[in-house]
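A.B. asks: Contents of entry.cif (mmCIF, C-alpha atoms and all ligand atoms) are below:
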data_data
#
loop_
_atom_site.label_atom_id
_atom_site.label_comp_id
_atom_site.auth_asym_id
_atom_site.auth_seq_id
_atom_site.Cartn_x
_atom_site.Cartn_y
_atom_site.Cartn_z
CA MET A 1 48.16 43.59 30.33
CA ALA A 2 50.53 40.76 30.96
CA LYS A 3 53.98 41.55 29.78
CA TRP A 4 53.92 45.03 28.35
CA ILE A 5 56.86 44.03 26.20
CA PRO A 6 58.40 46.96 24.34
CA VAL A 7 57.74 46.00 20.76
CA LEU A 8 58.32 49.53 19.59
CA ALA A 9 61.51 49.95 21.55
CA ILE A 10 63.76 50.08 18.58
CA ALA A 11 61.45 52.25 16.58
CA LEU A 12 61.21 54.89 19.27
CA ALA A 13 64.16 57.19 18.87
CA GLY A 14 66.34 57.90 21.85
CA LEU A 15 65.25 55.02 24.01
CA ALA A 16 67.68 52.22 24.66
CA PRO A 17 66.04 48.78 24.45
CA ASN A 18 66.84 48.00 28.09
CA ARG A 19 65.09 51.14 29.29
CA ALA A 20 62.14 50.14 27.17
CA LEU A 21 62.05 46.68 28.70
CA ALA A 22 60.61 48.26 31.82
CA TRP A 23 57.45 49.26 30.01
CA GLY A 24 55.94 45.90 30.49
CA LYS A 25 55.84 46.59 34.15
CA GLU A 26 54.68 50.15 33.95
CA GLY A 27 51.02 49.54 33.19
CA HIS A 28 50.73 47.45 36.31
CA GLU A 29 52.72 50.03 38.27
CA VAL A 30 50.24 52.74 37.28
CA VAL A 31 47.33 50.56 38.41
CA GLY A 32 49.07 49.83 41.73
CA ILE A 33 49.94 53.47 42.43
CA ILE A 34 46.37 54.63 41.75
CA ALA A 35 44.95 51.80 43.86
CA GLU A 36 47.27 52.50 46.79
CA LYS A 37 45.91 56.05 46.95
CA HIS A 38 42.28 54.86 46.99
CA LEU A 39 42.34 52.17 49.68
CA ASN A 40 40.06 52.93 52.61
CA GLN A 41 41.36 52.61 56.16
CA PRO A 42 40.24 49.01 56.87
CA ALA A 43 41.74 47.77 53.58
CA ARG A 44 44.91 49.80 54.12
CA ASP A 45 45.29 48.27 57.58
CA ALA A 46 44.65 44.74 56.27
CA VAL A 47 47.15 45.14 53.41
CA GLY A 48 49.66 46.68 55.83
CA GLU A 49 49.24 43.72 58.15
CA LEU A 50 49.80 41.22 55.30
CA LEU A 51 52.92 43.08 54.15
CA LYS A 52 54.42 43.52 57.63
CA ASP A 53 58.09 42.44 57.48
CA HIS A 54 57.76 41.59 53.79
CA GLN A 55 60.03 43.08 51.12
CA PHE A 56 57.03 44.39 49.13
CA LYS A 57 55.93 47.56 50.85
CA SER A 58 52.62 48.51 49.22
CA LEU A 59 50.44 48.17 46.12
CA ALA A 60 52.59 50.93 44.62
CA ASP A 61 55.60 48.59 44.71
CA THR A 62 56.45 47.38 41.20
CA LYS A 63 57.59 44.03 42.60
CA LEU A 64 54.19 43.41 44.17
CA VAL A 65 52.03 44.22 41.14
CA ASN A 66 54.36 42.38 38.76
CA TRP A 67 54.97 39.34 40.97
CA ALA A 68 52.43 37.20 39.05
CA ASP A 69 54.52 37.66 35.89
CA ALA A 70 57.86 37.30 37.71
CA ILE A 71 57.00 33.80 39.00
CA ARG A 72 56.17 32.44 35.53
CA GLY A 73 59.54 30.73 35.20
CA SER A 74 59.74 29.41 38.76
CA ALA A 75 59.64 25.64 39.20
CA VAL A 76 58.35 26.03 42.74
CA TYR A 77 55.43 28.17 41.63
CA LYS A 78 54.71 26.03 38.57
CA GLU A 79 54.15 23.22 41.01
CA LYS A 80 52.18 25.28 43.51
CA TYR A 81 49.99 27.00 40.89
CA PRO A 82 50.13 24.86 37.70
CA LYS A 83 47.14 26.66 36.16
CA ALA A 84 48.43 30.17 36.90
CA PRO A 85 49.31 30.99 33.25
CA GLN A 86 45.58 30.80 32.44
CA TRP A 87 44.58 33.11 35.28
CA HIS A 88 45.75 36.26 33.49
CA TYR A 89 42.87 36.34 30.99
CA VAL A 90 39.44 35.03 30.03
CA ASP A 91 38.85 34.06 26.42
CA ILE A 92 35.40 35.32 25.44
CA ASP A 93 34.62 35.19 21.72
CA VAL A 94 34.45 38.73 20.44
CA ALA A 95 31.36 37.85 18.40
CA SER A 96 29.38 36.96 21.49
CA ASP A 97 27.29 39.65 23.11
CA VAL A 98 28.18 38.39 26.53
CA THR A 99 26.29 39.52 29.64
CA LYS A 100 27.35 39.62 33.27
CA ILE A 101 25.17 36.56 33.89
CA ASP A 102 26.96 34.66 31.11
CA VAL A 103 30.32 35.58 32.63
CA ALA A 104 29.25 34.34 36.05
CA LYS A 105 27.78 31.09 34.70
CA SER A 106 30.26 30.18 32.00
CA PHE A 107 33.54 31.05 33.67
CA VAL A 108 33.12 30.56 37.40
CA ASP A 109 34.49 27.02 37.23
CA THR A 110 37.19 27.53 34.62
CA ASP A 111 40.81 28.54 35.00
CA CYS A 112 40.54 32.19 34.02
CA VAL A 113 41.03 35.67 35.45
CA TYR A 114 37.43 35.85 36.70
CA ALA A 115 37.49 32.61 38.70
CA ALA A 116 41.01 33.36 39.94
CA LEU A 117 39.89 36.70 41.36
CA LEU A 118 36.90 35.11 43.12
CA LYS A 119 39.15 32.43 44.57
CA PHE A 120 41.89 34.76 45.79
CA ARG A 121 39.35 37.18 47.26
CA VAL A 122 38.33 34.39 49.63
CA ILE A 123 41.91 33.44 50.49
CA VAL A 124 43.23 36.97 51.05
CA THR A 125 40.58 37.65 53.69
CA ASP A 126 40.71 34.28 55.45
CA PRO A 127 42.69 34.63 58.70
CA LYS A 128 42.91 30.85 58.98
CA LYS A 129 44.96 30.52 55.79
CA PRO A 130 48.76 30.57 55.99
CA LEU A 131 50.20 34.09 55.81
CA GLN A 132 52.24 33.27 52.70
CA ASP A 133 49.14 32.06 50.82
CA ARG A 134 47.26 35.21 51.79
CA ARG A 135 50.14 37.38 50.66
CA GLU A 136 50.32 35.57 47.33
CA ALA A 137 46.54 35.98 46.96
CA LEU A 138 47.05 39.74 47.38
CA PHE A 139 49.83 39.78 44.77
CA PHE A 140 47.68 37.82 42.31
CA ILE A 141 44.68 40.11 42.86
CA ALA A 142 46.78 43.26 42.40
CA HIS A 143 48.09 41.94 39.08
CA PHE A 144 44.93 40.31 37.70
CA VAL A 145 42.67 43.34 38.23
CA GLY A 146 45.15 45.24 36.05
CA ASP A 147 45.23 42.44 33.51
CA PHE A 148 41.53 42.16 32.83
CA HIS A 149 41.32 45.87 32.08
CA GLN A 150 43.42 45.20 28.95
CA PRO A 151 40.54 44.46 26.54
CA LEU A 152 42.38 41.57 24.85
CA HIS A 153 42.60 39.81 28.23
CA CYS A 154 38.80 39.49 27.99
CA ALA A 155 38.46 38.58 24.33
CA GLU A 156 39.52 36.39 21.44
CA ARG A 157 38.61 36.24 17.76
CA ASN A 158 38.82 33.01 15.74
CA LYS A 159 40.84 31.41 18.55
CA ASP A 160 43.59 34.01 18.17
CA LYS A 161 44.53 33.86 21.88
CA GLY A 162 43.58 37.44 22.61
CA GLY A 163 45.35 38.72 19.50
CA ASN A 164 48.57 36.85 20.25
CA LEU A 165 48.33 35.03 16.92
CA VAL A 166 47.61 38.13 14.81
CA LYS A 167 50.61 39.99 13.39
CA VAL A 168 50.03 43.64 12.56
CA PHE A 169 52.24 46.51 11.43
CA VAL A 170 52.20 49.50 13.74
CA LYS A 171 52.97 51.86 10.88
CA ALA A 172 53.57 51.70 7.15
CA GLY A 173 57.12 50.71 6.25
CA ASP A 174 57.85 48.88 9.52
CA LYS A 175 59.96 45.73 9.08
CA GLU A 176 58.72 44.07 12.25
CA ALA A 177 55.09 43.17 12.80
CA PRO A 178 54.31 42.66 16.49
CA ASN A 179 51.20 40.79 17.44
CA LEU A 180 48.01 42.64 18.23
CA HIS A 181 48.11 41.55 21.86
CA LYS A 182 51.50 43.18 22.36
CA VAL A 183 50.26 46.36 20.72
CA TRP A 184 47.63 46.53 23.45
CA ASP A 185 49.91 45.38 26.27
CA SER A 186 52.61 47.88 25.48
CA VAL A 187 52.49 50.09 22.39
CA VAL A 188 49.30 51.96 23.22
CA VAL A 189 50.36 52.26 26.88
CA ALA A 190 53.73 53.70 25.91
CA ARG A 191 51.95 56.14 23.67
CA ALA A 192 49.60 57.20 26.47
CA MET A 193 52.44 57.65 28.99
CA GLY A 194 54.77 59.55 26.68
CA ALA A 195 57.98 60.36 28.55
CA LEU A 196 56.38 60.29 32.02
CA SER A 197 57.44 57.91 34.77
CA SER A 198 54.76 55.60 36.18
CA GLU A 199 54.54 57.82 39.27
CA ASP A 200 54.10 61.02 37.27
CA TYR A 201 51.67 59.42 34.85
CA ALA A 202 49.58 57.96 37.69
CA ALA A 203 49.60 61.38 39.38
CA ARG A 204 48.33 62.93 36.16
CA LEU A 205 45.48 60.39 35.93
CA ILE A 206 44.58 60.91 39.59
CA GLY A 207 44.65 64.68 39.05
CA ARG A 208 41.92 64.34 36.43
CA LEU A 209 39.57 62.61 38.85
CA ASP A 210 37.02 64.09 41.20
CA GLY A 211 34.62 62.42 43.64
CA ALA A 212 31.90 61.89 41.05
CA LYS A 213 34.24 60.43 38.41
CA THR A 214 35.90 58.17 40.94
CA GLU A 215 32.53 56.90 42.11
CA ALA A 216 31.34 56.32 38.54
CA HIS A 217 34.45 54.28 37.68
CA GLN A 218 34.13 52.23 40.86
CA LYS A 219 30.48 51.38 40.29
CA GLY A 220 29.54 47.92 39.10
CA THR A 221 30.60 44.37 39.71
CA LEU A 222 33.53 42.25 38.64
CA GLU A 223 31.31 40.58 36.03
CA GLU A 224 30.22 43.96 34.64
CA TRP A 225 33.80 45.21 34.47
CA ILE A 226 34.80 42.12 32.49
CA VAL A 227 31.88 42.62 30.07
CA GLU A 228 32.90 46.27 29.67
CA SER A 229 36.51 45.33 28.84
CA HIS A 230 35.27 42.66 26.41
CA LYS A 231 33.07 45.27 24.66
CA LEU A 232 36.07 47.54 24.25
CA ALA A 233 37.81 44.67 22.46
CA ARG A 234 34.89 44.36 20.06
CA GLU A 235 34.42 48.08 19.47
CA LYS A 236 37.98 49.44 19.55
CA VAL A 237 40.53 46.64 19.34
CA TYR A 238 39.21 44.46 16.52
CA GLN A 239 38.01 47.48 14.51
CA ASP A 240 40.12 49.91 12.53
CA LYS A 241 38.39 52.83 10.80
CA GLY A 242 35.01 51.24 11.35
CA GLU A 243 35.97 47.98 9.66
CA ALA A 244 36.91 44.61 11.08
CA LEU A 245 40.65 44.58 11.57
CA LYS A 246 42.16 42.11 9.11
CA ALA A 247 43.60 38.97 10.58
CA GLU A 248 47.06 39.19 9.01
CA GLY A 249 49.47 41.85 7.91
CA HIS A 250 47.17 44.77 8.61
CA THR A 251 48.83 48.16 9.09
CA LEU A 252 47.22 50.02 11.98
CA SER A 253 46.00 53.54 11.24
CA GLU A 254 47.21 56.60 13.16
CA ASP A 255 43.63 57.02 14.35
CA TYR A 256 43.62 53.49 15.70
CA LEU A 257 46.70 54.11 17.85
CA LYS A 258 45.34 57.43 19.09
CA VAL A 259 42.10 55.79 20.19
CA GLY A 260 44.15 52.91 21.59
CA ALA A 261 46.11 55.27 23.83
CA GLU A 262 42.85 56.83 25.06
CA VAL A 263 41.39 53.41 25.81
CA ALA A 264 44.57 52.38 27.63
CA GLU A 265 44.43 55.54 29.73
CA LEU A 266 40.80 55.00 30.65
CA GLN A 267 41.38 51.33 31.48
CA LEU A 268 44.49 52.03 33.59
CA THR A 269 42.51 54.61 35.57
CA ARG A 270 39.65 52.19 36.05
CA GLY A 271 42.04 49.36 36.87
CA GLY A 272 43.61 51.35 39.69
CA LEU A 273 40.34 52.60 41.14
CA ARG A 274 38.74 49.17 40.91
CA LEU A 275 41.68 47.35 42.46
CA ALA A 276 41.18 49.64 45.47
CA LYS A 277 37.42 49.00 45.38
CA PHE A 278 37.91 45.24 45.12
CA LEU A 279 40.12 45.25 48.22
CA ASN A 280 37.96 47.77 50.08
CA ASP A 281 34.94 45.51 49.53
CA ALA A 282 36.81 42.31 50.31
CA PHE A 283 38.13 43.56 53.63
CA ALA A 284 34.79 45.21 54.52
CA ASP A 285 32.98 41.84 54.12
CA ASP A 286 35.61 40.43 56.38
CA LYS A 287 34.45 42.51 59.35
N1 LIG A 301 46.39 33.28 25.88
C1 LIG A 301 45.26 32.80 25.37
N2 LIG A 301 44.29 33.75 25.34
C2 LIG A 301 44.84 34.85 25.87
C3 LIG A 301 44.34 36.15 26.13
N3 LIG A 301 43.08 36.49 25.85
N4 LIG A 301 45.18 37.02 26.70
C4 LIG A 301 46.45 36.67 26.98
N5 LIG A 301 46.97 35.49 26.76
C5 LIG A 301 46.16 34.57 26.20
ZN ZN A 302 49.32 39.16 33.61
ZN ZN A 303 48.73 40.74 27.93
#
Turn the structure described in the file into C-alpha cells.
Ligand code: ADE
Ligand code: ZN
Ligand code: ZN
C.D. replies:
Amino acid sequence: MAKWIPVLAIALAGLAPNRALAWGKEGHEVVGIIAEKHLNQPARDAVGELLKDHQFKSLADTKLVNWADAIRGSAVYKEKYPKAPQWHYVDIDVASDVTKIDVAKSFVDTDCVYAALLKFRVIVTDPKKPLQDRREALFFIAHFVGDFHQPLHCAERNKDKGGNLVKVFVKAGDKEAPNLHKVWDSVVVARAMGALSSEDYAARLIGRLDGAKTEAHQKGTLEEWIVESHKLAREKVYQDKGEALKAEGHTLSEDYLKVGAEVAELQLTRGGLRLAKFLNDAFADDK
C-alpha cells in the first residue's frame, strides 16, 4: 500500500485535491493505530525505549509509519539503502499457486518485502546495533507490514509490476484511467473509510474485534500472510465478475469496487494486528 495516491480526488465531489493527497498516508496510519493498541508490554517498552527523545512518538504517528515512503527522494537514504525501493513488495506471479515454503525458499535472498522484514527484525532487536539503525528498522517494519497486506504488493501478472502497468477505468465515462495498483493503494481504501478520519476508522475496525477474532487474524507466519495476500490478488484483484480482468482499458464494475473496499478493510485490520504480533514476537525472542 505504498503511496495511496488519491486518483479519485477530482472525481469525489466536495474534496479538495490537497485534502485528498493525505489518503496515501491513511492506510498506513490505520495499520499503525491498530498495531499501537495491540502491542504487549515488553514490545511497548522496547518501542518506547527506541523512540525515547525521538520526534516520532508511537506506531500511531503518521510520520513513523510513512517514513519509508518519505525517504524515497533523499540522497542520504538512497546511498544508505540503495535497494529500499524494492523492499515494499514481492513480485509473485499470480498464476503460481505459491506455498509458504516457496516464499521462504525463493525470496529469502532477494530484495523484497519478505527478506526486508526478516532482516529488520534482526536489527530492531539487536542491542549492539546503533540506535539510529534500530529506529530505522522499526520504521521500515511498521511500513512494510502494512504494504504486504495490499494484495498487489504480493503479486504481478504478465510482469505488470503489481498492476502498475495496467490502466483501468474506475467507472464508465471517466476520462482518466488510473492504474490498477493505485486503485488498490487508494481508491478502495478511500471507499472503505468514507468520510472517517484514520483515528475514527481504526476505532471502528477495532470495535468490530473480539478476543477470538483478534487471535484468528494474528495466527500464522509471515510466509503464510504473504501467501494469503497473494491469493487475494488472484481471487479478487485480477478478477472482475468471475472473469480475468482485462489488461487494458477495462472498466471496473460496481461490484468489484464494493468487494475491493471489503478486502481493503480486512487487510488493514490484519495489517494492524499483525504488525503488533510481529513486534510482540520479535521482542519476546529478544528476552
Ligand atoms: N514495482 C514492481 N512490482 C511492484 C509491486 N508488486 N508493487 C509495487 N510496486 C512494484
Ligand atoms: Zn510502501
Ligand atoms: Zn502500493
A.B. asks: Do you know which residues are at most 7 Å from Arg121 in chain A counting all atoms listed in the file, after dropping those on the same chain fewer than 4 positions away, and could you put them as a list in words?
C.D. replies: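 That gives Leu117, Thr125 and Ala282 of chain A.
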A.B. asks: For a test of reading the model, state the distance in Å between CA of Asp102 in chain A and CA of Ala244 in chain A, rounded to one decimal.
C.D. replies: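 Calculated distance between CA of Asp102 in chain A and CA of Ala244 in chain A is 24.5 Å.
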A.B. asks: Taking into account all atoms listed in the file, which residue in the set A:Ile206, A:Leu273, A:Val189, A:Leu222 is nearest to ligand ZN 303 (chain A)?
C.D. replies: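 Ranked by minimum distance to ligand ZN 303 (chain A), first place goes to A:Val189.
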A.B. asks: Pick from A:Asp69, A:Asp45, A:Glu262, A:Glu223: nearest to Met193 in chain A, with all atoms listed in the file counted?
C.D. replies: A:Glu262
A.B. asks: Restrict the calculation to all atoms listed in the file, then for each residue of chain A with any atom at most 9 Å from an atom of ligand LIG 301 (chain A) give the closest atom pair and their distance in Å to one decimal, rows by chain and rising residue number, as a tab-separated table.
C.D. replies:
residue	atom	partner	partner_atom	distance
A:Met1	CA	A:LIG301	C4	7.9
A:Ala2	CA	A:LIG301	C4	7.0
A:Pro85	CA	A:LIG301	N5	8.2
A:Gln86	CA	A:LIG301	N1	7.1
A:His88	CA	A:LIG301	C4	6.6
A:Tyr89	CA	A:LIG301	N4	4.9
A:Val90	CA	A:LIG301	N3	5.7
A:Asp91	CA	A:LIG301	N3	4.9
A:Ile92	CA	A:LIG301	N3	7.8
A:Asp147	CA	A:LIG301	N4	8.7
A:Phe148	CA	A:LIG301	N4	8.8
A:Gln150	CA	A:LIG301	N4	8.7
A:Pro151	CA	A:LIG301	N3	8.4
A:Leu152	CA	A:LIG301	N3	5.2
A:His153	CA	A:LIG301	N4	4.1
A:Cys154	CA	A:LIG301	N3	5.6
A:Ala155	CA	A:LIG301	N3	5.3
A:Glu156	CA	A:LIG301	N3	5.7
A:Lys159	CA	A:LIG301	N2	8.0
A:Asp160	CA	A:LIG301	N2	7.2
A:Lys161	CA	A:LIG301	N2	3.5
A:Gly162	CA	A:LIG301	N3	3.4
A:Gly163	CA	A:LIG301	N3	7.1
A:Asn164	CA	A:LIG301	C5	6.8
A:His181	CA	A:LIG301	N4	7.2
A.B. asks: Next, the residues of the selection above should be written as a short mmCIF file (atom, residue, chain, number, x, y, z; two decimals), in the coordinates of the input with C-alpha atoms.
C.D. replies:
data_model
loop_
_atom_site.label_atom_id
_atom_site.label_comp_id
_atom_site.auth_asym_id
_atom_site.auth_seq_id
_atom_site.Cartn_x
_atom_site.Cartn_y
_atom_site.Cartn_z
CA MET A 1 48.16 43.59 30.33
CA ALA A 2 50.53 40.76 30.96
CA PRO A 85 49.31 30.99 33.25
CA GLN A 86 45.58 30.80 32.44
CA HIS A 88 45.75 36.26 33.49
CA TYR A 89 42.87 36.34 30.99
CA VAL A 90 39.44 35.03 30.03
CA ASP A 91 38.85 34.06 26.42
CA ILE A 92 35.40 35.32 25.44
CA ASP A 147 45.23 42.44 33.51
CA PHE A 148 41.53 42.16 32.83
CA GLN A 150 43.42 45.20 28.95
CA PRO A 151 40.54 44.46 26.54
CA LEU A 152 42.38 41.57 24.85
CA HIS A 153 42.60 39.81 28.23
CA CYS A 154 38.80 39.49 27.99
CA ALA A 155 38.46 38.58 24.33
CA GLU A 156 39.52 36.39 21.44
CA LYS A 159 40.84 31.41 18.55
CA ASP A 160 43.59 34.01 18.17
CA LYS A 161 44.53 33.86 21.88
CA GLY A 162 43.58 37.44 22.61
CA GLY A 163 45.35 38.72 19.50
CA ASN A 164 48.57 36.85 20.25
CA HIS A 181 48.11 41.55 21.86
#
A.B. asks: Return the single residue from A:Arg208, A:His28, A:Lys182, A:Lys258 that is closest to ligand ZN 303 (chain A), with distances computed using all atoms listed in the file.
C.D. replies: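 Ranked by minimum distance to ligand ZN 303 (chain A), first place goes to A:Lys182.
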A.B. asks: Which of these, A:Ala203, A:Leu39, A:Ala172, A:Ala84, has the shortest distance to ligand ZN 302 (chain A) once you count all atoms listed in the file?
C.D. replies: A:Ala84
A.B. asks: In Å to one decimal, how far is CA of Lys128 in chain A from CA of Tyr81 in chain A?
C.D. replies: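 Value for the CA of Tyr81 in chain A-CA of Lys128 in chain A distance: 19.8 Å.
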A.B. asks: Would you please work out which residue, of A:Asn40, A:Gln218, A:Asn66, A:Ser253, is nearest to ligand ZN 302 (chain A) when using all atoms listed in the file?
C.D. replies: A:Asn66
A.B. asks: With all atoms listed in the file as the atoms that count, which of A:Gly27, A:Gly242, A:Pro178, A:Gly32 lies nearest to Ala264 in chain A?
C.D. replies: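 Between A:Gly27, A:Gly242, A:Pro178, A:Gly32, the residue approaching Ala264 in chain A most closely is A:Gly27.
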